[in-house]
Amino acid sequence: MRKALLIATDTYDDPAYDALRAPRHDAVALADVLTAPTIGAFTASVLVNRSAHDLRLALDEFFGEADREDVLLLYLSGHGIKDMRGRLHFVASDTRADRLAASGVSAEFVRDLIDSGRARKVLVWLDCCYGGAFPPGAVPKAAGGVDVLAQLDDGRGCAVMTASTHVQWAYEPSGSVTGTPTRSIFTEAIVTGLRTGAADLDQDGLITSRELYEYVYEQVRSVNPAQTPTGNDQVSGRLLVAYAGRAPVAPVFVRPAPSLSFESWTWTAKLDVTGVPVFSPDGRWFVCGRWVWDTGDWRRVAAFEVISSPAFSPDGRVLGVPTSHGVELVDVGSWRAAEILPYSAKPSGDLSFSTPDKLLAPDATLWWRESGRWQESNALQYVPESTTFAGELTLHRLASGTEVWSGDDLLGQLVEPVVAGGGLVAGSGQVFDSRRQPLISFTGRAAALSWDTLAISEPDRVRLLDVASGRELHLLARPGGHGPVAISPDGRLIAASNASGTRLWARSTADLHPLPFSPTSPASAAESRSIAPWVVGPLAAGVGALLGVTFSLPLVVTIAVAVALGLVTFFLLLAVRT
């Protein structure tokens, strides 16, 4: 298995250590790219602001429970401290400056765990803002740098990469650490190299530990020549870090199937249920209200008491169900609740998964799954309602709107954005790709987005646009007003719900059977706007000619009546359509 343990510490009980801004953000960004199935394919646990005891225990379990064939990745972000004998220690949230050996986590301890563990493929990444803190009156035994690599890479099969080996400190008689921490260029380079595939230097589709180090080295040095990342690879052969996921960078509009036509969504069915429609990542399961359906035969397979919309984990294995007493984590398939995450405050938001091991509960509590156990992360102070990654962009949904970030740069805000696979984002009247290139503009509220189709929610209808050309594909009648919309990831189904129920549309009758289905009515308001001007106009002219013959009107008058009736009908319906 591929397992990652990410440790970030940015707040400290001892005032000797300055608070940092980067570690928390860096760990979350790195976890999301590492756990992406097409990139890192790791299972990741993230520990934020934990005590030294908790960190030592977590490290012991991480290395001690690994098998020989496992690939392990340890990432530490925070303060690194050198004691009077030049030995490196990592500062935990409760580390005391005057009791560093007893209250910190030593590099020697980490190295011993690596050496004694069974895993022979280990990655260690250190992004530490090094500062020294010594008791009053003490004098450092050695000045200058500490050789981090020498203290960590003695183990076989261990590849170490650090932001720098240079240890700087500001020693004061009071024992405090001074200096202003800077943002992490090192972790930003790692995340960018993995997410975009740019670290695949030999273009073979694989990113090895050596390739990643060479890429990070060049990126960091180009931004800050004073900082020199270091690395030492003791692994025989090539150690795979990630797959070169280039999908966000390559053009995302190469279609595997023909464009949708007017006839594509001509079959419809209705479910007598209201709620937010949700499809599973593979399109097999459909959830709306309290019910779960199998889209293969439309059997109701489960029912839950819900207070807000359920959500599937990105891997489709877990359905999170918000109930009145907590979030039930339901195993998909057996539909049994494997665990319940209790609320710590009144639930008022949405449930959302960021990774299979991270979710945000409706009470704004962030939960992490660590070593198979879900734990509440109470230490987080800045928690968005949800976080979504779209290629090179990161979307943080807050109460005031959704912030769009590129790395550490805030690009702006979007109104009610929706995201699709491949890095597409729709919001504030535009659809743009992961490279922030605008594709099409639209009017209305984006309701759902797939790799090729944008759904716009309008009163009594859903408007479908082609995201590559902006061409209108279809108008779907939906009596009853606005409501949430969903497009199945496999492109088979569209669902829209409002107060009158939930309407389904499909390309094939097989996708709705055995539900009672019918062709989308040409007389419906939405469909008539697409076909009536060209069909009803000539029909009206024929009716005019028939009237002329019936009442024995002169030929010239008959022709005039037919033409006038046909043209008036045509232009009236055309005006309604536009």
# chains A, B, ... in the order shown; residues from 1 in each chain; ligands from 1
call {"tool": "residues_around", "arguments": {"residues": "His89 of chain A", "least_positions_apart": "5", "cutoff": "10 Å", "atoms": "only C-alpha atoms", "output": "VMD selection string"}}
result
chain A and resid 79 to 83 95 100 to 101 103 to 110 130
call {"tool": "residues_around", "arguments": {"residues": "Asn498 of chain A", "least_positions_apart": "2", "cutoff": "9 Å", "atoms": "only C-alpha atoms", "output": "VMD selection string"}}
result
chain A and resid 273 to 276 478 to 484 496 500 to 503
call {"tool": "atom_distance", "arguments": {"atom1": "atom CA of Asp10 of chain A", "atom2": "atom CA of Leu76 of chain A"}}
result
11.2 Å
call {"tool": "residues_around", "arguments": {"residues": "segment 279-281 of chain A", "least_positions_apart": "6", "cutoff": "10 Å", "atoms": "only C-alpha atoms", "output": "JSON, numbers by chain"}}
result
{"A": [287, 288, 292, 293, 295, 311, 312, 313, 314, 315, 316, 317, 318, 319, 332, 486, 487, 488, 489, 490, 493, 494, 495]}
call {"tool": "residues_around", "arguments": {"residues": "Val33 of chain A", "least_positions_apart": "4", "cutoff": "8 Å", "atoms": "only C-alpha atoms", "output": "number ranges by chain"}}
result
A: 29, 39-40, 191, 194-195
call {"tool": "write_last_selection", "arguments": {"atoms": "C-alpha atoms", "output": "CSV table (one decimal), in the first residue's frame"}}
result
chain,number,residue,atom,x,y,z
A,29,ALA,CA,-3.0,21.1,-0.3
A,39,ILE,CA,-1.7,11.2,-9.2
A,40,GLY,CA,-0.4,10.0,-5.9
A,191,VAL,CA,2.3,20.3,-5.1
A,194,LEU,CA,2.8,16.6,-8.9
A,195,ARG,CA,-0.5,18.1,-9.8
call {"tool": "atom_distance", "arguments": {"atom1": "atom CA of Val462 of chain A", "atom2": "atom CA of His474 of chain A"}}
result
8.3 Å
call {"tool": "closest_residue", "arguments": {"among": "A:Leu47, A:Ile559, A:Ala269, A:Ala510", "to": "Gln375 of chain A", "atoms": "only C-alpha atoms"}}
result
A:Leu47
call {"tool": "closest_residue", "arguments": {"among": "A:Val223, A:Val91, A:Leu351, A:Ala468", "to": "Leu329 of chain A", "atoms": "only C-alpha atoms"}}
result
A:Leu351
